[in-house]
Amino acid sequence: MSAADEARVLAAVPDGLLIGGEWRPAGGGARFDVFDPATGTRLASVADGTPDDGIEALDAAAAAQDDWAATPPRVRSELLRATWELVQQRKDDLALLMTLEMGKPLAESAGEVTYGGEFLRWFAEEAVRITGRYGTNPENTGRTIVSQHPVGPCYFITPWNFPLAMATRKIAPALAAGCTVVIKPAELTPLTTMYVGELFRQAGLPAGVLNIVPSTAAGPLSERIMDDPRLRKISFTGSTPVGVRLMQQAAKRVLRTSMELGGNAPFVVFDDADLDAAVAGALLAKFRNIGEACTAANRFLVHEAVADEFANRLTEQVAAMRVGRGTDPEVRIGPLINEQAVGKADTLVRDAVQRGATVRLGGGPVTGSGTFYAPTVLDRVDAGSDILQTEIFGPVVAITRFADEAEAVRLANDTEFGLVSYVFTRDLARGQRMIEGLRTGMMGLNVGVISNAAAPFGGVKQSGLGREGGFEGIHEYLDVKYTMTPNPFA
Ligand code: NAD
């Protein structure tokens with residue numbers, strides 16, 4: 001990809017807020033800048049939505065709601081499918097745009113275009129399979145009809161780490177179910193969502209069904225929208241503290257709520273594991289997305305009999321990973337999103353080292369331009385270290401050793417989070433005991449990547465509520481209605 005490609009892709013991002021089918025300036029004309037984390041250079045200036053703009057977006061979503069809900073499911077399905085096709089056609093440009101604003105290597109951005117695009121295709125298929133039930137009550141005095149109906153206008157807030165997939169994972173099921181949407185993408189990476197919004201428009205999505213309001217005023221904008229009685233649902237992906245706050249705000253109007261929050265994934269390697277598979281899985285579970293994933297392996301729990309060999313092999317592979325700007329096809333580790341992210345990772349590493357962890361590799365920021373952190377492997381991390389209780393969100397492996405299965409289960413569950421767990425074992429019964437013993441919303445058994453549009457993504461405990469993707473995903477956007485009728489033969 002050349003500098004000319006970069007300029008062309010950036011120029012293709014629509015300018016403005018998408019409200020009522022048109023891209024228009026923010027109220028007052030305010031704008032904010034988006035930067036390339038690999039170089040610190042400015043990529044674009046974006047319209048900065050105000051709370052009033054948020055209400056205008058909700059006006060548009062509310063005005064479009066009834067017609068969209070009444071649009072034949074087949075038509076809703078075909079619009080999603082047409083958008084998926086446009087995403088395929090623009091795959092390279094979307095991947096480059098994502099790498100520019102977020103920093104992940106191009107190959108990973110291309111992977112996210114595939115994964116994120118799949119939600120459009122999957123929910124195009126689900127839109128025509130919204131069903132109900134008809135039954136006889138036990139007394140045979142009546143008939144019960146159970147039907148499903150769109151929840152109504154939805155508000156979405158998404159994070160910066162997966163700029164495309166986090167948006168499509170919400171937009172696609174909502175549109176499939178017959179709901180209209182206002183979305184506020186992360187202010188650090190709004191460009192990919194804006195680009196996809198334009199693809200929806202080009203596919204023929206009616207005005208007002210999808211509205212996009214980038215904003216640096218996330219709190220006030222969200223409060224205004226959530227305080228409006230026309231809104232019926234909030235879906236948020238981001239950190240647990242912000243999710244908790246939004247749940248409190250949602251309580252005021254008893255909004256339907258989906259929360260995809262933080263993680264603290266254990267990566268458990270038993271002494272019977274296939275170590276080649278475990279190391280390959282560890283590289284994916286830890287270093288994909290530069291470690292900036294809610295699904296990132298945060299705590300490596302390794303049986304003491306294989307810990308040295310696992311750590312040696314993993315360190316050897318990590319040492320060979322090239323760090324740099326994600327546009328370079330040789331690069332495996334891009335920059336962290338900003339200075340705060342580097343500072344957070346470094347504080348956690350220092351705390352672990354101070355408590356006795358051994359540094360096998362890396363251990364600090366990379367000096368120079370951009371916000372890079374050296375791929376790091378820490379071994380013998382003390383149980384009291386902050387790194388074991390905090391999302392690292394960076395390319396840092398923290399290894400702790402365990403003696404037996406009971407200890408592995410206890411350590412794995414020793415967290416407030418419960419998003420995903422990874423387990424490597426060749427013993428089927430042990431794998432089944434781990435499925436039953438780990439308090440987690442998702443599990444990778446002998447694999448290091450679990451995300452799939454056809455599977456229900458989501459967490460337990462402080463990792464959130466609700467599921468995205470799979471058969472479950474569309475139900476987040478449907479209300480159940482039950483109707484009693486008389487026995488027609490009585
Ligand atoms: P964040 O919570 O800081 O921000 C997420 C979004 O919330 C952004 O759009 C931001 O503008 C907005 N926001 C911030 N304060 C707000 C407020 N007071 N009111 C309304 N909106 C507000 O999270 P982040 O740093 O962008 O993303 C990283 C976090 O997201 C990590 O904790 C990660 O685990 C989590 N995450 C979870 C999943 C999942 O599916 N469970 C997926 C990706 C990321």
# chains A, B, ... in the order shown; residues from 1 in each chain; ligands from 1
call {"tool": "select_by_dssp", "arguments": {"residues": "range 150-388 of chain A", "states": "alpha helix (DSSP H)", "output": "PyMOL selection string"}}
result
chain A and resi 165-177+191-203+218-226+240-252+275-287+307-319+339-354
call {"tool": "write_last_selection", "arguments": {"atoms": "C-alpha atoms", "output": "short mmCIF file (atom, residue, chain, number, x, y, z; two decimals), in the first residue's frame"}}
result
data_model
loop_
_atom_site.label_atom_id
_atom_site.label_comp_id
_atom_site.auth_asym_id
_atom_site.auth_seq_id
_atom_site.Cartn_x
_atom_site.Cartn_y
_atom_site.Cartn_z
CA ALA A 165 -16.71 -5.61 13.79
CA MET A 166 -18.00 -3.96 16.96
CA ALA A 167 -20.28 -1.80 14.79
CA THR A 168 -21.60 -4.51 12.46
CA ARG A 169 -22.09 -6.94 15.37
CA LYS A 170 -24.75 -4.53 16.68
CA ILE A 171 -26.08 -2.85 13.53
CA ALA A 172 -26.73 -6.06 11.58
CA PRO A 173 -28.96 -7.84 14.13
CA ALA A 174 -30.81 -4.61 14.94
CA LEU A 175 -31.60 -3.93 11.29
CA ALA A 176 -32.50 -7.59 10.72
CA ALA A 177 -34.97 -7.45 13.62
CA LEU A 191 -13.49 6.58 10.22
CA THR A 192 -14.16 2.88 9.55
CA THR A 193 -17.71 3.08 10.92
CA MET A 194 -18.37 6.20 8.83
CA TYR A 195 -17.11 4.43 5.72
CA VAL A 196 -19.39 1.45 6.41
CA GLY A 197 -22.30 3.85 7.00
CA GLU A 198 -21.80 5.15 3.49
CA LEU A 199 -21.84 1.57 2.15
CA PHE A 200 -25.24 1.02 3.83
CA ARG A 201 -26.46 4.19 2.14
CA GLN A 202 -25.15 3.06 -1.23
CA ALA A 203 -26.84 -0.31 -0.74
CA ALA A 218 -19.58 10.80 24.75
CA GLY A 219 -21.03 11.34 28.23
CA PRO A 220 -23.40 14.30 27.61
CA LEU A 221 -24.44 12.99 24.17
CA SER A 222 -25.28 9.56 25.56
CA GLU A 223 -27.13 10.98 28.54
CA ARG A 224 -29.36 13.11 26.30
CA ILE A 225 -30.18 10.23 23.99
CA MET A 226 -30.80 7.79 26.83
CA THR A 240 -16.68 -2.24 32.57
CA PRO A 241 -16.67 1.11 34.49
CA VAL A 242 -18.38 2.92 31.58
CA GLY A 243 -20.77 -0.03 31.16
CA VAL A 244 -21.76 0.16 34.83
CA ARG A 245 -22.47 3.85 34.48
CA LEU A 246 -24.58 3.28 31.37
CA MET A 247 -26.56 0.55 33.15
CA GLN A 248 -27.36 3.02 35.91
CA GLN A 249 -28.51 5.56 33.31
CA ALA A 250 -30.50 2.88 31.46
CA ALA A 251 -32.34 2.00 34.68
CA LYS A 252 -34.06 5.39 34.68
CA LEU A 275 2.64 -27.72 23.24
CA ASP A 276 2.96 -26.79 19.58
CA ALA A 277 -0.77 -26.09 19.50
CA ALA A 278 -0.61 -24.26 22.84
CA VAL A 279 2.20 -21.97 21.67
CA ALA A 280 0.45 -21.30 18.34
CA GLY A 281 -2.79 -20.60 20.24
CA ALA A 282 -0.96 -18.34 22.71
CA LEU A 283 0.46 -16.22 19.90
CA LEU A 284 -3.04 -15.65 18.55
CA ALA A 285 -4.81 -15.24 21.87
CA LYS A 286 -2.23 -12.77 23.14
CA PHE A 287 -0.77 -10.88 20.19
CA ALA A 307 6.09 -24.24 32.09
CA ASP A 308 9.79 -23.86 31.18
CA GLU A 309 9.37 -25.49 27.80
CA PHE A 310 6.21 -23.51 27.01
CA ALA A 311 7.85 -20.23 28.09
CA ASN A 312 11.02 -20.95 26.09
CA ARG A 313 9.15 -21.81 22.90
CA LEU A 314 6.75 -18.88 23.22
CA THR A 315 9.56 -16.40 23.95
CA GLU A 316 11.51 -17.61 20.92
CA GLN A 317 8.51 -16.99 18.65
CA VAL A 318 7.61 -13.65 20.18
CA ALA A 319 11.19 -12.42 19.84
CA GLU A 339 0.29 7.17 25.35
CA GLN A 340 -2.12 6.19 28.13
CA ALA A 341 -2.23 2.64 26.82
CA VAL A 342 1.58 2.47 26.84
CA GLY A 343 1.67 3.91 30.35
CA LYS A 344 -0.92 1.42 31.60
CA ALA A 345 0.91 -1.61 30.20
CA ASP A 346 4.21 -0.35 31.57
CA THR A 347 2.82 0.29 35.06
CA LEU A 348 1.48 -3.28 35.17
CA VAL A 349 4.81 -4.72 33.98
CA ARG A 350 6.78 -2.71 36.53
CA ASP A 351 4.49 -3.79 39.35
CA ALA A 352 4.88 -7.45 38.35
CA VAL A 353 8.67 -7.15 38.12
CA GLN A 354 8.85 -5.39 41.46
#
call {"tool": "residues_around", "arguments": {"residues": "Thr367 in chain A", "least_positions_apart": "2", "cutoff": "12 Å", "atoms": "only C-alpha atoms", "output": "count of residues only"}}
result
13
call {"tool": "closest_residue", "arguments": {"among": "A:Arg325, A:Arg143, A:Arg426, A:Arg8", "to": "Leu100 in chain A", "atoms": "only C-alpha atoms"}}
result
A:Arg325
call {"tool": "residues_near_ligand", "arguments": {"ligand": "ligand 1", "cutoff": "6 Å", "atoms": "only C-alpha atoms and all ligand atoms", "output": "list in words"}}
result
Ile157, Thr158, Pro159, Trp160, Pro185, Ala186, Glu187, Ala218, Gly219, Ser222, Thr237, Gly238, Ser239, Val242, Glu260, Leu261, Gly262, Gly263, Ala293 and Cys294 of chain A
call {"tool": "write_last_selection", "arguments": {"atoms": "all heavy atoms", "output": "compact mmCIF listing (two decimals), in the first residue's frame"}}
result
# COMPACT_ATOMS: atom_id res chain seq x y z
N ILE A 157 -22.95 2.29 21.37
CA ILE A 157 -21.66 2.93 21.66
C ILE A 157 -20.59 1.85 21.46
O ILE A 157 -20.70 0.76 22.04
CB ILE A 157 -21.60 3.46 23.10
CG1 ILE A 157 -22.78 4.39 23.38
CG2 ILE A 157 -20.27 4.17 23.36
CD1 ILE A 157 -22.89 4.83 24.85
N THR A 158 -19.58 2.15 20.65
CA THR A 158 -18.57 1.12 20.32
C THR A 158 -17.16 1.59 20.70
O THR A 158 -16.89 2.78 20.78
CB THR A 158 -18.63 0.77 18.82
OG1 THR A 158 -18.64 1.98 18.06
CG2 THR A 158 -19.87 -0.04 18.50
N PRO A 159 -16.25 0.62 20.89
CA PRO A 159 -14.87 0.94 21.28
C PRO A 159 -13.98 1.09 20.06
O PRO A 159 -14.40 0.84 18.93
CB PRO A 159 -14.48 -0.29 22.09
CG PRO A 159 -15.17 -1.41 21.39
CD PRO A 159 -16.47 -0.84 20.86
N TRP A 160 -12.73 1.47 20.31
CA TRP A 160 -11.79 1.75 19.22
C TRP A 160 -11.05 0.51 18.74
O TRP A 160 -10.38 0.54 17.71
CB TRP A 160 -10.76 2.81 19.67
CG TRP A 160 -10.14 2.46 20.99
CD1 TRP A 160 -10.53 2.90 22.22
CD2 TRP A 160 -9.06 1.54 21.21
NE1 TRP A 160 -9.76 2.32 23.21
CE2 TRP A 160 -8.85 1.48 22.61
CE3 TRP A 160 -8.24 0.77 20.38
CZ2 TRP A 160 -7.87 0.68 23.19
CZ3 TRP A 160 -7.27 -0.03 20.96
CH2 TRP A 160 -7.09 -0.07 22.34
N PRO A 185 -19.56 5.94 17.27
CA PRO A 185 -18.32 5.17 17.27
C PRO A 185 -17.30 5.80 18.22
O PRO A 185 -17.48 6.95 18.64
CB PRO A 185 -17.84 5.27 15.82
CG PRO A 185 -18.48 6.50 15.27
CD PRO A 185 -19.75 6.73 16.04
N ALA A 186 -16.25 5.05 18.55
CA ALA A 186 -15.21 5.60 19.43
C ALA A 186 -14.55 6.80 18.75
O ALA A 186 -14.30 6.79 17.55
CB ALA A 186 -14.16 4.52 19.71
N GLU A 187 -14.25 7.82 19.53
CA GLU A 187 -13.68 9.05 18.97
C GLU A 187 -12.26 8.83 18.45
O GLU A 187 -11.77 9.61 17.63
CB GLU A 187 -13.73 10.19 19.99
CG GLU A 187 -13.04 9.91 21.32
CD GLU A 187 -13.95 9.22 22.34
OE1 GLU A 187 -14.75 8.35 21.95
OE2 GLU A 187 -13.82 9.54 23.54
N ALA A 218 -18.89 12.09 24.59
CA ALA A 218 -19.58 10.80 24.75
C ALA A 218 -20.58 10.81 25.90
O ALA A 218 -21.71 10.35 25.75
CB ALA A 218 -18.54 9.69 24.97
N GLY A 219 -20.17 11.36 27.05
CA GLY A 219 -21.03 11.34 28.23
C GLY A 219 -22.31 12.15 28.02
O GLY A 219 -23.42 11.59 28.07
N SER A 222 -24.61 10.81 25.21
CA SER A 222 -25.28 9.56 25.56
C SER A 222 -26.39 9.82 26.57
O SER A 222 -27.47 9.24 26.48
CB SER A 222 -24.27 8.56 26.12
OG SER A 222 -23.24 8.36 25.18
N THR A 237 -20.35 -1.63 23.86
CA THR A 237 -19.13 -2.44 23.98
C THR A 237 -18.03 -1.51 24.43
O THR A 237 -17.77 -0.48 23.79
CB THR A 237 -18.76 -3.10 22.64
OG1 THR A 237 -19.82 -3.97 22.25
CG2 THR A 237 -17.48 -3.92 22.78
N GLY A 238 -17.39 -1.86 25.52
CA GLY A 238 -16.31 -1.03 26.04
C GLY A 238 -15.92 -1.50 27.42
O GLY A 238 -16.14 -2.66 27.79
N SER A 239 -15.39 -0.58 28.20
CA SER A 239 -14.84 -0.97 29.51
C SER A 239 -15.96 -1.15 30.54
O SER A 239 -17.04 -0.56 30.42
CB SER A 239 -13.87 0.12 29.98
OG SER A 239 -14.57 1.34 30.12
N VAL A 242 -17.43 2.15 32.39
CA VAL A 242 -18.38 2.92 31.58
C VAL A 242 -19.68 2.12 31.43
O VAL A 242 -20.78 2.67 31.51
CB VAL A 242 -17.78 3.29 30.20
CG1 VAL A 242 -18.83 3.96 29.32
CG2 VAL A 242 -16.57 4.21 30.36
N GLU A 260 -21.24 -5.51 26.42
CA GLU A 260 -20.06 -6.33 26.10
C GLU A 260 -18.89 -5.61 26.74
O GLU A 260 -18.40 -4.62 26.21
CB GLU A 260 -19.87 -6.43 24.58
CG GLU A 260 -21.00 -7.14 23.85
CD GLU A 260 -20.98 -8.64 24.04
OE1 GLU A 260 -20.01 -9.18 24.60
OE2 GLU A 260 -21.96 -9.29 23.63
N LEU A 261 -18.44 -6.11 27.89
CA LEU A 261 -17.49 -5.34 28.70
C LEU A 261 -16.10 -5.99 28.72
O LEU A 261 -15.76 -6.78 27.86
CB LEU A 261 -18.07 -5.14 30.09
CG LEU A 261 -19.51 -4.56 30.09
CD1 LEU A 261 -20.05 -4.43 31.50
CD2 LEU A 261 -19.57 -3.22 29.36
N GLY A 262 -15.35 -5.64 29.72
CA GLY A 262 -13.93 -6.06 29.75
C GLY A 262 -13.74 -7.53 30.04
O GLY A 262 -14.67 -8.25 30.41
N GLY A 263 -12.51 -7.98 29.87
CA GLY A 263 -12.17 -9.38 30.12
C GLY A 263 -10.87 -9.50 30.91
O GLY A 263 -10.18 -8.52 31.15
N ALA A 293 -7.47 -6.55 22.89
CA ALA A 293 -8.74 -7.24 22.63
C ALA A 293 -9.33 -7.65 23.96
O ALA A 293 -8.60 -8.07 24.88
CB ALA A 293 -8.52 -8.46 21.74
N CYS A 294 -10.67 -7.55 24.06
CA CYS A 294 -11.33 -8.02 25.28
C CYS A 294 -11.12 -9.51 25.45
O CYS A 294 -11.16 -10.03 26.55
CB CYS A 294 -12.82 -7.71 25.20
SG CYS A 294 -13.58 -8.35 23.70
call {"tool": "residues_around", "arguments": {"residues": "His475 in chain A", "least_positions_apart": "3", "cutoff": "12 Å", "atoms": "only C-alpha atoms", "output": "compact mmCIF listing (two decimals) with N, CA, C and O atoms, in the first residue's frame"}}
result
# COMPACT_ATOMS: atom_id res chain seq x y z
N PHE A 123 -26.76 -12.10 9.67
CA PHE A 123 -28.06 -11.54 10.07
C PHE A 123 -28.96 -11.26 8.87
O PHE A 123 -30.18 -11.17 9.05
N GLU A 126 -30.64 -14.39 9.14
CA GLU A 126 -31.53 -14.50 10.30
C GLU A 126 -32.78 -13.63 10.18
O GLU A 126 -33.80 -13.91 10.82
N ALA A 127 -32.70 -12.55 9.39
CA ALA A 127 -33.83 -11.61 9.29
C ALA A 127 -35.12 -12.32 8.86
O ALA A 127 -36.21 -11.94 9.29
N ARG A 129 -35.93 -15.42 9.56
CA ARG A 129 -36.21 -16.58 10.43
C ARG A 129 -36.66 -16.16 11.82
O ARG A 129 -36.37 -16.81 12.80
N ILE A 130 -37.39 -15.04 11.90
CA ILE A 130 -37.92 -14.60 13.20
C ILE A 130 -39.27 -15.30 13.37
O ILE A 130 -40.20 -15.06 12.59
N THR A 131 -39.35 -16.17 14.35
CA THR A 131 -40.52 -17.05 14.46
C THR A 131 -41.29 -16.81 15.76
O THR A 131 -40.87 -16.04 16.61
N SER A 147 -45.36 -14.12 19.97
CA SER A 147 -44.81 -13.47 18.78
C SER A 147 -43.65 -12.57 19.19
O SER A 147 -43.49 -12.24 20.37
N GLN A 148 -42.83 -12.19 18.23
CA GLN A 148 -41.66 -11.36 18.51
C GLN A 148 -41.72 -10.09 17.66
O GLN A 148 -42.07 -10.15 16.48
N HIS A 149 -41.34 -8.98 18.27
CA HIS A 149 -41.49 -7.66 17.64
C HIS A 149 -40.25 -6.83 17.87
O HIS A 149 -39.64 -6.93 18.94
N PRO A 150 -39.91 -5.96 16.90
CA PRO A 150 -38.71 -5.15 17.08
C PRO A 150 -38.81 -4.30 18.35
O PRO A 150 -39.87 -3.75 18.65
N VAL A 151 -37.70 -4.19 19.05
CA VAL A 151 -37.65 -3.43 20.30
C VAL A 151 -37.96 -1.96 20.05
O VAL A 151 -38.62 -1.30 20.86
N LYS A 170 -23.53 -5.12 16.11
CA LYS A 170 -24.75 -4.53 16.68
C LYS A 170 -25.73 -4.10 15.58
O LYS A 170 -26.93 -4.35 15.66
N PRO A 173 -27.78 -7.22 13.52
CA PRO A 173 -28.96 -7.84 14.13
C PRO A 173 -30.10 -6.85 14.38
O PRO A 173 -31.28 -7.22 14.27
N ALA A 174 -29.76 -5.60 14.70
CA ALA A 174 -30.81 -4.61 14.94
C ALA A 174 -31.61 -4.39 13.66
O ALA A 174 -32.86 -4.43 13.68
N LEU A 175 -30.91 -4.17 12.56
CA LEU A 175 -31.60 -3.93 11.29
C LEU A 175 -32.39 -5.18 10.87
O LEU A 175 -33.52 -5.07 10.36
N ALA A 176 -31.81 -6.34 11.08
CA ALA A 176 -32.50 -7.59 10.72
C ALA A 176 -33.80 -7.72 11.49
O ALA A 176 -34.83 -8.16 10.96
N ALA A 177 -33.78 -7.30 12.77
CA ALA A 177 -34.97 -7.45 13.62
C ALA A 177 -36.02 -6.39 13.32
O ALA A 177 -37.16 -6.49 13.78
N GLY A 178 -35.63 -5.32 12.60
CA GLY A 178 -36.59 -4.25 12.30
C GLY A 178 -36.42 -3.04 13.21
O GLY A 178 -37.36 -2.25 13.36
N CYS A 179 -35.24 -2.88 13.82
CA CYS A 179 -34.98 -1.72 14.68
C CYS A 179 -34.16 -0.68 13.92
O CYS A 179 -33.30 -1.03 13.10
N ARG A 256 -33.98 -1.71 27.44
CA ARG A 256 -33.33 -2.99 27.16
C ARG A 256 -31.83 -2.71 27.06
O ARG A 256 -31.43 -1.69 26.47
N THR A 257 -31.00 -3.62 27.58
CA THR A 257 -29.58 -3.34 27.73
C THR A 257 -28.73 -4.53 27.31
O THR A 257 -28.99 -5.65 27.74
N SER A 258 -27.74 -4.29 26.45
CA SER A 258 -26.73 -5.32 26.17
C SER A 258 -25.37 -4.71 26.48
O SER A 258 -25.10 -3.58 26.08
N PRO A 456 -22.59 -17.30 19.73
CA PRO A 456 -23.03 -16.24 20.65
C PRO A 456 -21.87 -15.69 21.47
O PRO A 456 -21.35 -16.36 22.36
N GLY A 466 -25.96 -10.28 27.84
CA GLY A 466 -26.44 -10.39 26.46
C GLY A 466 -25.42 -11.06 25.57
O GLY A 466 -24.28 -11.32 25.97
N ARG A 467 -25.84 -11.37 24.36
CA ARG A 467 -24.97 -12.07 23.40
C ARG A 467 -25.07 -11.42 22.03
O ARG A 467 -26.15 -10.97 21.63
N GLU A 468 -23.95 -11.40 21.32
CA GLU A 468 -23.93 -10.86 19.96
C GLU A 468 -23.50 -11.97 19.02
O GLU A 468 -22.54 -12.70 19.29
N GLY A 469 -24.22 -12.07 17.87
CA GLY A 469 -23.92 -13.15 16.94
C GLY A 469 -24.72 -14.40 17.27
O GLY A 469 -25.46 -14.45 18.26
N GLY A 470 -24.59 -15.41 16.42
CA GLY A 470 -25.29 -16.67 16.63
C GLY A 470 -26.80 -16.51 16.49
O GLY A 470 -27.31 -15.47 16.04
N PHE A 471 -27.54 -17.54 16.91
CA PHE A 471 -29.01 -17.45 16.89
C PHE A 471 -29.47 -16.47 17.97
O PHE A 471 -30.54 -15.88 17.87
N GLU A 472 -28.65 -16.33 19.00
CA GLU A 472 -29.03 -15.49 20.14
C GLU A 472 -29.03 -14.00 19.79
O GLU A 472 -29.79 -13.22 20.35
N LEU A 478 -35.42 -8.05 19.89
CA LEU A 478 -36.82 -8.45 19.75
C LEU A 478 -37.47 -8.51 21.12
O LEU A 478 -36.89 -9.05 22.07
N ASP A 479 -38.68 -7.93 21.22
CA ASP A 479 -39.49 -8.08 22.43
C ASP A 479 -40.45 -9.26 22.20
O ASP A 479 -40.98 -9.43 21.10
N VAL A 480 -40.67 -10.01 23.25
CA VAL A 480 -41.59 -11.14 23.18
C VAL A 480 -42.98 -10.66 23.61
O VAL A 480 -43.12 -9.99 24.63
call {"tool": "residues_around", "arguments": {"residues": "Leu231 in chain A", "least_positions_apart": "3", "cutoff": "8 Å", "atoms": "only C-alpha atoms", "output": "MDAnalysis selection string"}}
result
chainID A and resid 58 62 152:155 225:228 255
call {"tool": "residues_around", "arguments": {"residues": "Arg81 in chain A", "least_positions_apart": "3", "cutoff": "10 Å", "atoms": "only C-alpha atoms", "output": "MDAnalysis selection string"}}
result
chainID A and resid 75:78 84:87 117:125 172 203
call {"tool": "write_last_selection", "arguments": {"atoms": "N, CA and C atoms", "output": "compact mmCIF listing (two decimals), in the first residue's frame"}}
result
# COMPACT_ATOMS: atom_id res chain seq x y z
N VAL A 75 -36.79 -7.97 2.40
CA VAL A 75 -36.17 -6.73 1.93
C VAL A 75 -35.07 -6.30 2.91
N ARG A 76 -35.35 -6.40 4.21
CA ARG A 76 -34.31 -6.06 5.20
C ARG A 76 -33.10 -6.98 4.99
N SER A 77 -33.39 -8.24 4.78
CA SER A 77 -32.34 -9.23 4.56
C SER A 77 -31.48 -8.85 3.35
N GLU A 78 -32.14 -8.49 2.27
CA GLU A 78 -31.39 -8.21 1.03
C GLU A 78 -30.55 -6.94 1.14
N TRP A 84 -23.11 -6.30 2.70
CA TRP A 84 -22.01 -7.26 2.84
C TRP A 84 -21.22 -7.35 1.53
N GLU A 85 -21.94 -7.35 0.42
CA GLU A 85 -21.24 -7.44 -0.87
C GLU A 85 -20.37 -6.20 -1.11
N LEU A 86 -20.88 -5.04 -0.75
CA LEU A 86 -20.08 -3.82 -0.90
C LEU A 86 -18.84 -3.87 0.00
N VAL A 87 -19.01 -4.40 1.21
CA VAL A 87 -17.85 -4.54 2.12
C VAL A 87 -16.81 -5.45 1.47
N GLY A 117 -17.69 -8.29 8.49
CA GLY A 117 -18.62 -8.41 7.37
C GLY A 117 -19.56 -9.59 7.55
N GLU A 118 -19.05 -10.66 8.16
CA GLU A 118 -19.88 -11.86 8.34
C GLU A 118 -21.15 -11.59 9.12
N PHE A 119 -21.14 -10.60 10.02
CA PHE A 119 -22.36 -10.30 10.77
C PHE A 119 -23.45 -9.79 9.83
N LEU A 120 -23.04 -9.07 8.78
CA LEU A 120 -24.03 -8.60 7.81
C LEU A 120 -24.65 -9.79 7.08
N ARG A 121 -23.79 -10.75 6.71
CA ARG A 121 -24.30 -11.91 5.97
C ARG A 121 -25.13 -12.81 6.89
N TRP A 122 -24.61 -13.07 8.10
CA TRP A 122 -25.30 -13.96 9.03
C TRP A 122 -26.69 -13.42 9.36
N PHE A 123 -26.76 -12.10 9.67
CA PHE A 123 -28.06 -11.54 10.07
C PHE A 123 -28.96 -11.26 8.87
N ALA A 124 -28.38 -11.17 7.67
CA ALA A 124 -29.23 -11.18 6.48
C ALA A 124 -29.99 -12.51 6.44
N GLU A 125 -29.32 -13.56 6.86
CA GLU A 125 -29.95 -14.89 6.85
C GLU A 125 -30.93 -15.04 8.01
N ALA A 172 -26.11 -5.03 12.42
CA ALA A 172 -26.73 -6.06 11.58
C ALA A 172 -27.91 -6.74 12.27
N ALA A 203 -26.06 0.92 -0.53
CA ALA A 203 -26.84 -0.31 -0.74
C ALA A 203 -28.34 -0.03 -0.81
call {"tool": "residues_around", "arguments": {"residues": "range 413-421 of chain A", "least_positions_apart": "6", "cutoff": "7 Å", "atoms": "only C-alpha atoms", "output": "VMD selection string"}}
result
chain A and resid 263 to 267 295 389 438 to 444 458 to 463
call {"tool": "atom_distance", "arguments": {"atom1": "CA of Gly204 in chain A", "atom2": "CA of Pro190 in chain A"}}
result
21.8 Å
call {"tool": "closest_residue", "arguments": {"among": "A:Asp36, A:Asn137, A:Met259, A:Ala403", "to": "Gly464 in chain A", "atoms": "only C-alpha atoms"}}
result
A:Met259
call {"tool": "residues_around", "arguments": {"residues": "Glu6 in chain A", "least_positions_apart": "5", "cutoff": "10 Å", "atoms": "only C-alpha atoms", "output": "list in words"}}
result
Met1, Ala11, Leu43, Asp93, Leu96, Leu97, Leu100 and Thr327 of chain A
call {"tool": "write_last_selection", "arguments": {"atoms": "N, CA and C atoms", "output": "CSV table (one decimal), in the first residue's frame"}}
result
chain,number,residue,atom,x,y,z
A,1,MET,N,0.8,-1.2,0.0
A,1,MET,CA,0.0,0.0,0.0
A,1,MET,C,0.9,1.3,0.0
A,11,ALA,N,-9.6,10.0,1.7
A,11,ALA,CA,-10.5,11.0,1.0
A,11,ALA,C,-11.9,10.3,0.7
A,43,LEU,N,-4.7,12.2,10.6
A,43,LEU,CA,-5.3,11.5,9.5
A,43,LEU,C,-6.4,12.3,8.9
A,93,ASP,N,-9.6,-1.5,0.9
A,93,ASP,CA,-9.6,-0.1,1.4
A,93,ASP,C,-10.1,0.0,2.9
A,96,LEU,N,-7.1,-1.1,5.0
A,96,LEU,CA,-6.1,0.0,5.1
A,96,LEU,C,-6.6,1.1,6.1
A,97,LEU,N,-7.8,1.5,5.9
A,97,LEU,CA,-8.4,2.6,6.8
A,97,LEU,C,-8.3,2.2,8.2
A,100,LEU,N,-4.8,2.4,9.5
A,100,LEU,CA,-4.4,3.7,9.7
A,100,LEU,C,-4.9,4.3,11.0
A,327,THR,N,1.1,-0.9,8.3
A,327,THR,CA,1.0,-1.0,6.8
A,327,THR,C,2.1,-1.8,6.2
call {"tool": "closest_residue", "arguments": {"among": "A:Gly356, A:Asp386, A:Glu391, A:Thr180", "to": "Ala207 in chain A", "atoms": "only C-alpha atoms"}}
result
A:Thr180
call {"tool": "closest_residue", "arguments": {"among": "A:Gly132, A:Thr141, A:Thr114, A:Gly431", "to": "Leu164 in chain A", "atoms": "only C-alpha atoms"}}
result
A:Thr114
call {"tool": "select_by_dssp", "arguments": {"residues": "range 65-241 of chain A", "states": "strand (DSSP E)", "output": "ChimeraX atom specification"}}
result
/A:133-136,142-150,154-157,181-184,210-212,233-237
call {"tool": "closest_residue", "arguments": {"among": "A:Ala3, A:Ala454, A:Val423, A:Gly49", "to": "Ile212 in chain A", "atoms": "only C-alpha atoms"}}
result
A:Gly49
call {"tool": "atom_distance", "arguments": {"atom1": "CA of Asn452 in chain A", "atom2": "CA of Gly437 in chain A"}}
result
23.2 Å
call {"tool": "closest_residue", "arguments": {"among": "A:Arg288, A:Arg355, A:Arg299, A:Arg232", "to": "Gly384 in chain A", "atoms": "only C-alpha atoms"}}
result
A:Arg355
call {"tool": "decode", "arguments": {"residues": "range 4-9 of chain A", "atoms": "C-alpha atoms", "output": "mmCIF file, in the first residue's frame"}}
result
data_model
loop_
_atom_site.group_PDB
_atom_site.id
_atom_site.type_symbol
_atom_site.label_atom_id
_atom_site.label_comp_id
_atom_site.auth_asym_id
_atom_site.auth_seq_id
_atom_site.Cartn_x
_atom_site.Cartn_y
_atom_site.Cartn_z
ATOM 1 C CA ALA A 4 -1.287 7.509 -2.554
ATOM 2 C CA ASP A 5 -3.494 4.586 -1.473
ATOM 3 C CA GLU A 6 -3.624 6.014 2.030
ATOM 4 C CA ALA A 7 -4.651 9.449 0.752
ATOM 5 C CA ARG A 8 -7.271 7.940 -1.562
ATOM 6 C CA VAL A 9 -8.840 5.848 1.204
#
